[in-house]
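target.pdb (PDB, C-alpha atoms) appears below.
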ATOM      1  CA  MET T 383      21.421 -36.605  52.927  1.00  0.00           C
ATOM      2  CA  PHE T 384      21.871 -33.484  50.788  1.00  0.00           C
ATOM      3  CA  PHE T 385      19.135 -30.916  50.209  1.00  0.00           C
ATOM      4  CA  PHE T 386      20.068 -28.206  47.713  1.00  0.00           C
ATOM      5  CA  ILE T 387      18.280 -26.785  44.733  1.00  0.00           C
ATOM      6  CA  CYS T 388      21.675 -25.486  43.672  1.00  0.00           C
ATOM      7  CA  ASP T 389      24.949 -24.448  45.219  1.00  0.00           C
ATOM      8  CA  LYS T 390      25.598 -20.776  45.696  1.00  0.00           C
ATOM      9  CA  ILE T 391      28.882 -18.858  45.809  1.00  0.00           C
ATOM     10  CA  GLU T 392      29.613 -15.173  46.152  1.00  0.00           C
ATOM     11  CA  ILE T 393      31.824 -13.553  43.500  1.00  0.00           C
ATOM     12  CA  GLY T 394      32.531  -9.941  44.440  1.00  0.00           C
ATOM     13  CA  ASP T 395      29.127  -8.293  44.835  1.00  0.00           C
ATOM     14  CA  ASN T 396      27.367 -10.999  42.796  1.00  0.00           C
ATOM     15  CA  MET T 397      26.005 -14.414  43.700  1.00  0.00           C
ATOM     16  CA  ARG T 398      26.589 -17.349  41.373  1.00  0.00           C
ATOM     17  CA  TYR T 399      24.444 -20.490  41.406  1.00  0.00           C
ATOM     18  CA  THR T 400      25.157 -23.915  39.934  1.00  0.00           C
ATOM     19  CA  LYS T 401      22.841 -26.778  39.047  1.00  0.00           C
ATOM     20  CA  ARG T 402      24.300 -30.179  38.204  1.00  0.00           C
ATOM     21  CA  TYR T 403      23.060 -33.022  36.004  1.00  0.00           C
ATOM     22  CA  ILE T 404      24.280 -36.441  34.901  1.00  0.00           C
ATOM     23  CA  LEU T 405      25.185 -37.188  31.287  1.00  0.00           C
ATOM     24  CA  ASN T 406      25.573 -40.597  29.653  1.00  0.00           C
ATOM     25  CA  ASN T 407      28.074 -39.591  26.959  1.00  0.00           C
ATOM     26  CA  ILE T 408      29.591 -36.540  25.330  1.00  0.00           C
ATOM     27  CA  ASP T 409      29.340 -37.768  21.742  1.00  0.00           C
ATOM     28  CA  ASN T 410      27.965 -35.270  19.214  1.00  0.00           C
ATOM     29  CA  LEU T 411      28.124 -32.300  21.588  1.00  0.00           C
ATOM     30  CA  ASN T 412      29.735 -29.032  20.508  1.00  0.00           C
ATOM     31  CA  LEU T 413      32.525 -28.952  23.103  1.00  0.00           C
ATOM     32  CA  SER T 414      35.801 -27.132  23.596  1.00  0.00           C
ATOM     33  CA  ASN T 415      39.058 -29.027  23.808  1.00  0.00           C
ATOM     34  CA  SER T 416      39.389 -30.731  27.171  1.00  0.00           C
ATOM     35  CA  LEU T 417      41.447 -29.482  30.080  1.00  0.00           C
ATOM     36  CA  ARG T 418      42.749 -32.238  32.387  1.00  0.00           C
ATOM     37  CA  TYR T 419      42.438 -31.781  36.138  1.00  0.00           C
ATOM     38  CA  GLU T 420      44.239 -34.029  38.596  1.00  0.00           C
ATOM     39  CA  ARG T 421      43.307 -33.514  42.225  1.00  0.00           C
ATOM     40  CA  TYR T 422      45.085 -35.311  45.058  1.00  0.00           C
ATOM     41  CA  TYR T 423      43.794 -35.121  48.605  1.00  0.00           C
ATOM     42  CA  ILE T 424      46.516 -35.270  51.249  1.00  0.00           C
ATOM     43  CA  ASN T 425      43.998 -34.961  54.098  1.00  0.00           C
ATOM     44  CA  ASN T 426      40.702 -33.170  54.752  1.00  0.00           C
ATOM     45  CA  ASP T 427      42.470 -29.810  54.843  1.00  0.00           C
ATOM     46  CA  LEU T 428      44.985 -30.069  51.998  1.00  0.00           C
ATOM     47  CA  ARG T 429      44.551 -30.748  48.303  1.00  0.00           C
ATOM     48  CA  ILE T 430      46.975 -30.369  45.415  1.00  0.00           C
ATOM     49  CA  GLN T 431      45.937 -29.918  41.839  1.00  0.00           C
ATOM     50  CA  LYS T 432      47.439 -30.142  38.392  1.00  0.00           C
ATOM     51  CA  ARG T 433      45.412 -28.151  35.869  1.00  0.00           C
ATOM     52  CA  GLY T 434      46.898 -28.509  32.418  1.00  0.00           C
ATOM     53  CA  ASN T 435      50.548 -27.610  33.049  1.00  0.00           C
ATOM     54  CA  SER T 436      50.058 -25.603  36.243  1.00  0.00           C
ATOM     55  CA  TYR T 437      50.316 -26.879  39.803  1.00  0.00           C
ATOM     56  CA  SER T 438      48.713 -25.569  42.979  1.00  0.00           C
ATOM     57  CA  LYS T 439      48.295 -26.358  46.642  1.00  0.00           C
ATOM     58  CA  GLU T 440      44.924 -25.592  48.201  1.00  0.00           C
ATOM     59  CA  ILE T 441      44.028 -25.295  51.861  1.00  0.00           C
ATOM     60  CA  LEU T 442      40.459 -26.406  52.555  1.00  0.00           C
ATOM     61  CA  LEU T 443      38.029 -25.583  55.341  1.00  0.00           C
ATOM     62  CA  ASP T 444      34.721 -27.434  55.349  1.00  0.00           C
ATOM     63  CA  ASN T 445      35.407 -28.526  51.748  1.00  0.00           C
ATOM     64  CA  GLU T 446      35.860 -24.913  50.579  1.00  0.00           C
ATOM     65  CA  VAL T 447      39.173 -23.576  49.237  1.00  0.00           C
ATOM     66  CA  ILE T 448      40.351 -20.836  51.601  1.00  0.00           C
ATOM     67  CA  SER T 449      43.891 -20.480  50.253  1.00  0.00           C
ATOM     68  CA  LYS T 450      45.509 -21.390  46.943  1.00  0.00           C
ATOM     69  CA  VAL T 451      49.180 -21.057  46.043  1.00  0.00           C
ATOM     70  CA  ASN T 452      51.081 -22.065  42.949  1.00  0.00           C
ATOM     71  CA  ILE T 453      53.735 -24.733  43.447  1.00  0.00           C
ATOM     72  CA  ASN T 454      56.322 -26.312  41.168  1.00  0.00           C
ATOM     73  CA  GLU T 455      56.190 -29.798  39.671  1.00  0.00           C
ATOM     74  CA  GLN T 456      58.704 -31.205  42.182  1.00  0.00           C
ATOM     75  CA  GLU T 457      56.662 -30.103  45.191  1.00  0.00           C
ATOM     76  CA  PHE T 458      53.510 -31.378  43.494  1.00  0.00           C
ATOM     77  CA  ASN T 459      55.055 -34.831  42.931  1.00  0.00           C
ATOM     78  CA  LYS T 460      56.361 -34.996  46.501  1.00  0.00           C
ATOM     79  CA  LEU T 461      52.940 -34.146  47.950  1.00  0.00           C
ATOM     80  CA  ARG T 462      51.165 -36.500  45.527  1.00  0.00           C
ATOM     81  CA  GLU T 463      53.069 -39.420  47.092  1.00  0.00           C
ATOM     82  CA  MET T 464      51.380 -38.562  50.404  1.00  0.00           C
ATOM     83  CA  SER T 465      47.861 -38.423  48.955  1.00  0.00           C
ATOM     84  CA  THR T 466      45.074 -40.711  50.100  1.00  0.00           C
ATOM     85  CA  LYS T 467      42.502 -39.962  47.372  1.00  0.00           C
ATOM     86  CA  GLU T 468      42.681 -38.787  43.787  1.00  0.00           C
ATOM     87  CA  ILE T 469      40.260 -37.418  41.240  1.00  0.00           C
ATOM     88  CA  VAL T 470      41.162 -37.191  37.563  1.00  0.00           C
ATOM     89  CA  ARG T 471      38.740 -35.537  35.184  1.00  0.00           C
ATOM     90  CA  ASP T 472      38.580 -33.702  31.892  1.00  0.00           C
ATOM     91  CA  SER T 473      36.677 -30.448  31.782  1.00  0.00           C
ATOM     92  CA  TYR T 474      34.929 -29.137  28.665  1.00  0.00           C
ATOM     93  CA  LEU T 475      32.957 -26.020  27.858  1.00  0.00           C
ATOM     94  CA  TYR T 476      29.720 -26.447  25.918  1.00  0.00           C
ATOM     95  CA  LEU T 477      30.268 -24.048  23.026  1.00  0.00           C
ATOM     96  CA  ASP T 478      26.562 -23.418  22.397  1.00  0.00           C
ATOM     97  CA  ASP T 479      25.947 -22.022  25.912  1.00  0.00           C
ATOM     98  CA  GLU T 480      28.743 -20.424  27.932  1.00  0.00           C
ATOM     99  CA  ARG T 481      26.938 -21.232  31.201  1.00  0.00           C
ATOM    100  CA  ILE T 482      27.452 -24.981  30.721  1.00  0.00           C
ATOM    101  CA  SER T 483      30.556 -27.036  31.455  1.00  0.00           C
ATOM    102  CA  ILE T 484      31.005 -30.796  31.447  1.00  0.00           C
ATOM    103  CA  LYS T 485      33.277 -32.896  33.653  1.00  0.00           C
ATOM    104  CA  LYS T 486      34.221 -36.433  32.561  1.00  0.00           C
ATOM    105  CA  TYR T 487      35.784 -38.580  35.293  1.00  0.00           C
ATOM    106  CA  TYR T 488      38.383 -41.362  35.193  1.00  0.00           C
ATOM    107  CA  GLY T 489      39.951 -43.812  37.640  1.00  0.00           C
ATOM    108  CA  ASP T 490      37.760 -44.657  40.630  1.00  0.00           C
ATOM    109  CA  TYR T 491      34.980 -42.446  39.261  1.00  0.00           C
ATOM    110  CA  ILE T 492      34.886 -43.674  35.681  1.00  0.00           C
ATOM    111  CA  GLY T 493      31.369 -43.564  34.300  1.00  0.00           C
ATOM    112  CA  LEU T 494      30.537 -40.213  35.860  1.00  0.00           C
ATOM    113  CA  ILE T 495      29.992 -37.376  33.414  1.00  0.00           C
ATOM    114  CA  ARG T 496      28.635 -34.281  35.154  1.00  0.00           C
ATOM    115  CA  ILE T 497      27.032 -31.216  33.599  1.00  0.00           C
ATOM    116  CA  GLU T 498      27.353 -27.958  35.542  1.00  0.00           C
ATOM    117  CA  VAL T 499      25.137 -24.991  34.699  1.00  0.00           C
ATOM    118  CA  LYS T 500      26.134 -21.584  36.137  1.00  0.00           C
ATOM    119  CA  LEU T 501      23.170 -19.293  36.782  1.00  0.00           C
ATOM    120  CA  ASN T 502      22.991 -15.720  38.063  1.00  0.00           C
ATOM    121  CA  SER T 503      19.937 -15.597  40.336  1.00  0.00           C
ATOM    122  CA  GLU T 504      17.632 -17.736  42.443  1.00  0.00           C
ATOM    123  CA  ASP T 505      14.836 -16.866  40.024  1.00  0.00           C
ATOM    124  CA  GLU T 506      16.932 -18.161  37.111  1.00  0.00           C
ATOM    125  CA  VAL T 507      17.579 -21.368  39.095  1.00  0.00           C
ATOM    126  CA  LEU T 508      13.892 -21.919  39.803  1.00  0.00           C
ATOM    127  CA  ASN T 509      12.896 -21.316  36.161  1.00  0.00           C
ATOM    128  CA  TYR T 510      15.795 -23.120  34.476  1.00  0.00           C
ATOM    129  CA  ILE T 511      14.683 -25.798  32.008  1.00  0.00           C
ATOM    130  CA  PRO T 512      17.429 -28.377  31.323  1.00  0.00           C
ATOM    131  CA  LEU T 513      18.309 -29.078  27.702  1.00  0.00           C
ATOM    132  CA  ASP T 514      16.762 -32.221  26.255  1.00  0.00           C
ATOM    133  CA  TRP T 515      20.081 -34.122  26.275  1.00  0.00           C
ATOM    134  CA  PHE T 516      20.639 -33.604  30.013  1.00  0.00           C
ATOM    135  CA  GLY T 517      20.191 -36.601  32.283  1.00  0.00           C
ATOM    136  CA  LYS T 518      18.752 -36.530  35.777  1.00  0.00           C
ATOM    137  CA  GLU T 519      19.606 -33.723  38.163  1.00  0.00           C
ATOM    138  CA  ILE T 520      22.302 -34.603  40.706  1.00  0.00           C
ATOM    139  CA  THR T 521      22.654 -31.238  42.472  1.00  0.00           C
ATOM    140  CA  ASP T 522      21.533 -32.769  45.764  1.00  0.00           C
ATOM    141  CA  SER T 523      23.593 -35.961  45.510  1.00  0.00           C
ATOM    142  CA  PRO T 524      27.134 -36.934  46.528  1.00  0.00           C
ATOM    143  CA  LEU T 525      27.965 -36.984  42.791  1.00  0.00           C
ATOM    144  CA  ALA T 526      27.645 -33.202  42.634  1.00  0.00           C
ATOM    145  CA  PHE T 527      31.007 -32.272  44.181  1.00  0.00           C
ATOM    146  CA  ASP T 528      34.520 -33.703  44.136  1.00  0.00           C
ATOM    147  CA  SER T 529      34.713 -33.179  47.905  1.00  0.00           C
ATOM    148  CA  TYR T 530      31.725 -35.517  48.337  1.00  0.00           C
ATOM    149  CA  LEU T 531      32.986 -38.063  45.805  1.00  0.00           C
ATOM    150  CA  ILE T 532      36.209 -38.684  47.703  1.00  0.00           C
ATOM    151  CA  ASN T 533      34.207 -39.792  50.741  1.00  0.00           C
ATOM    152  CA  LEU T 534      32.426 -42.568  48.833  1.00  0.00           C
ATOM    153  CA  SER T 535      33.778 -46.100  48.662  1.00  0.00           C
ATOM    154  CA  LYS T 536      33.896 -47.655  45.192  1.00  0.00           C
ATOM    155  CA  LYS T 537      30.740 -49.632  46.022  1.00  0.00           C
ATOM    156  CA  GLU T 538      28.913 -46.537  47.345  1.00  0.00           C
ATOM    157  CA  PHE T 539      29.939 -44.599  44.233  1.00  0.00           C
ATOM    158  CA  MET T 540      28.581 -47.292  41.901  1.00  0.00           C
ATOM    159  CA  ILE T 541      25.288 -47.500  43.832  1.00  0.00           C
ATOM    160  CA  GLU T 542      24.908 -43.714  43.718  1.00  0.00           C
ATOM    161  CA  LEU T 543      25.789 -43.544  40.000  1.00  0.00           C
ATOM    162  CA  GLU T 544      23.224 -46.228  39.147  1.00  0.00           C
ATOM    163  CA  LYS T 545      20.466 -44.160  40.784  1.00  0.00           C
ATOM    164  CA  TYR T 546      20.896 -41.486  38.128  1.00  0.00           C
ATOM    165  CA  LYS T 547      21.739 -43.444  34.986  1.00  0.00           C
ATOM    166  CA  ASP T 548      18.985 -43.936  32.411  1.00  0.00           C
TER     167      ASP T 548
END

Could you write out this file's structure as structure tokens?
Amino acid sequence: MFFFICDKIEIGDNMRYTKRYILNNIDNLNLSNSLRYERYYINNDLRIQKRGNSYSKEILLDNEVISKVNINEQEFNKLREMSTKEIVRDSYLYLDDERISIKKYYGDYIGLIRIEVKLNSEDEVLNYIPLDWFGKEITDSPLAFDSYLINLSKKEFMIELEKYKD
């Protein structure tokens, strides 16, 4: 079981916090053009990613990226053949609030649309009021992170998704 009120990362001397929510559809939202992410997990310690037209290899430790290097398309394709899990999603920025991004998933995770809200302090997290079009909060669920999603079977994913759909 997960117990967060948000996730927290350190950026330089600042802390950054993220709350996550479910969304039923992106229709009628003021969004940027999408950026396609393809993530392929080779094992628990190695992930490759295609972001738009750039390719990278990421070394993971406890689901956190500890090293990231750019690779070429040939190396990416070779490593992709060895992958055991994949996540494909489009990422959008909400143009009316720069703190908000939206991730729309495909493939095994179709139906998941996740809102991520970046906040600057614990106080801001505790006092944040979601916009009226947000769905239920999923910050403390396996739907909150790609690294948790890949550990769910298709059946487990669907059960988890149904918990948060209106």

If we count only C-alpha atoms, what is near segment 403-408 of chain T at a cut-off of 10 Å, once residues fewer than 3 positions away on the same chain are taken out, given as a PyMOL selection string? chain T and resi 411-413+474+484-486+493-499+512+515-523+525-526+543+546-548

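In this comparison, which uses all atoms listed in the file, the residue of T:Thr466, T:Ser473, T:Asn459, T:Ser529 approaching Leu442 of chain T most closely is T:Ser529.
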
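The two atoms in question, atom CA of Val507 of chain T and atom CA of Ile441 of chain T, are spaced 29.6 Å apart.
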
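The closest residue to Thr400 of chain T, picked from T:Ile453, T:Ile448, T:Ile511, T:Leu501 and counting all atoms listed in the file, is T:Leu501.
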
Output the residue selection produced by the PyMOL selection byres ((chain T and resi 503) around 8) on the file above, formatted as a list in words. Met397, Arg398, Tyr399, Leu501, Asn502, Glu504, Asp505, Glu506 and Val507 of chain T

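Considering all atoms listed in the file, the residue among T:Tyr422, T:Phe458, T:Tyr510, T:Tyr491 positioned nearest to Met540 of chain T is T:Tyr491.
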
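From atom CA of Leu417 of chain T back to atom CA of Met464 of chain T, the distance works out to 24.4 Å.
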
Write out as an mmCIF file with C-alpha atoms, in the coordinates of the input which residues come within 8 Å of Ser465 of chain T when counting all atoms listed in the file, dropping same-chain ones fewer than 4 positions away.
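Dumped to out-v1.cif:
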data_model
loop_
_atom_site.group_PDB
_atom_site.id
_atom_site.type_symbol
_atom_site.label_atom_id
_atom_site.label_comp_id
_atom_site.auth_asym_id
_atom_site.auth_seq_id
_atom_site.Cartn_x
_atom_site.Cartn_y
_atom_site.Cartn_z
ATOM 1 C CA TYR T 422 45.085 -35.311 45.058
ATOM 2 C CA TYR T 423 43.794 -35.121 48.605
ATOM 3 C CA ILE T 424 46.516 -35.270 51.249
ATOM 4 C CA ASN T 425 43.998 -34.961 54.098
ATOM 5 C CA LEU T 461 52.940 -34.146 47.950
#

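When only C-alpha atoms are used to compute distances to Asn454 of chain T, the closest of the residues T:Leu475, T:Glu468, T:Lys432, T:Glu542 turns out to be T:Lys432.
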
Using the chain letters and numbers from this file, what does the PyMOL selection byres ((chain T and resi 430) around 6) select? Give the answer as an MDAnalysis selection string. chainID T and resid 421:422 429 431 438:440

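Take atom CA of Gly489 of chain T and atom CA of Gly434 of chain T: the distance between them is 17.6 Å.
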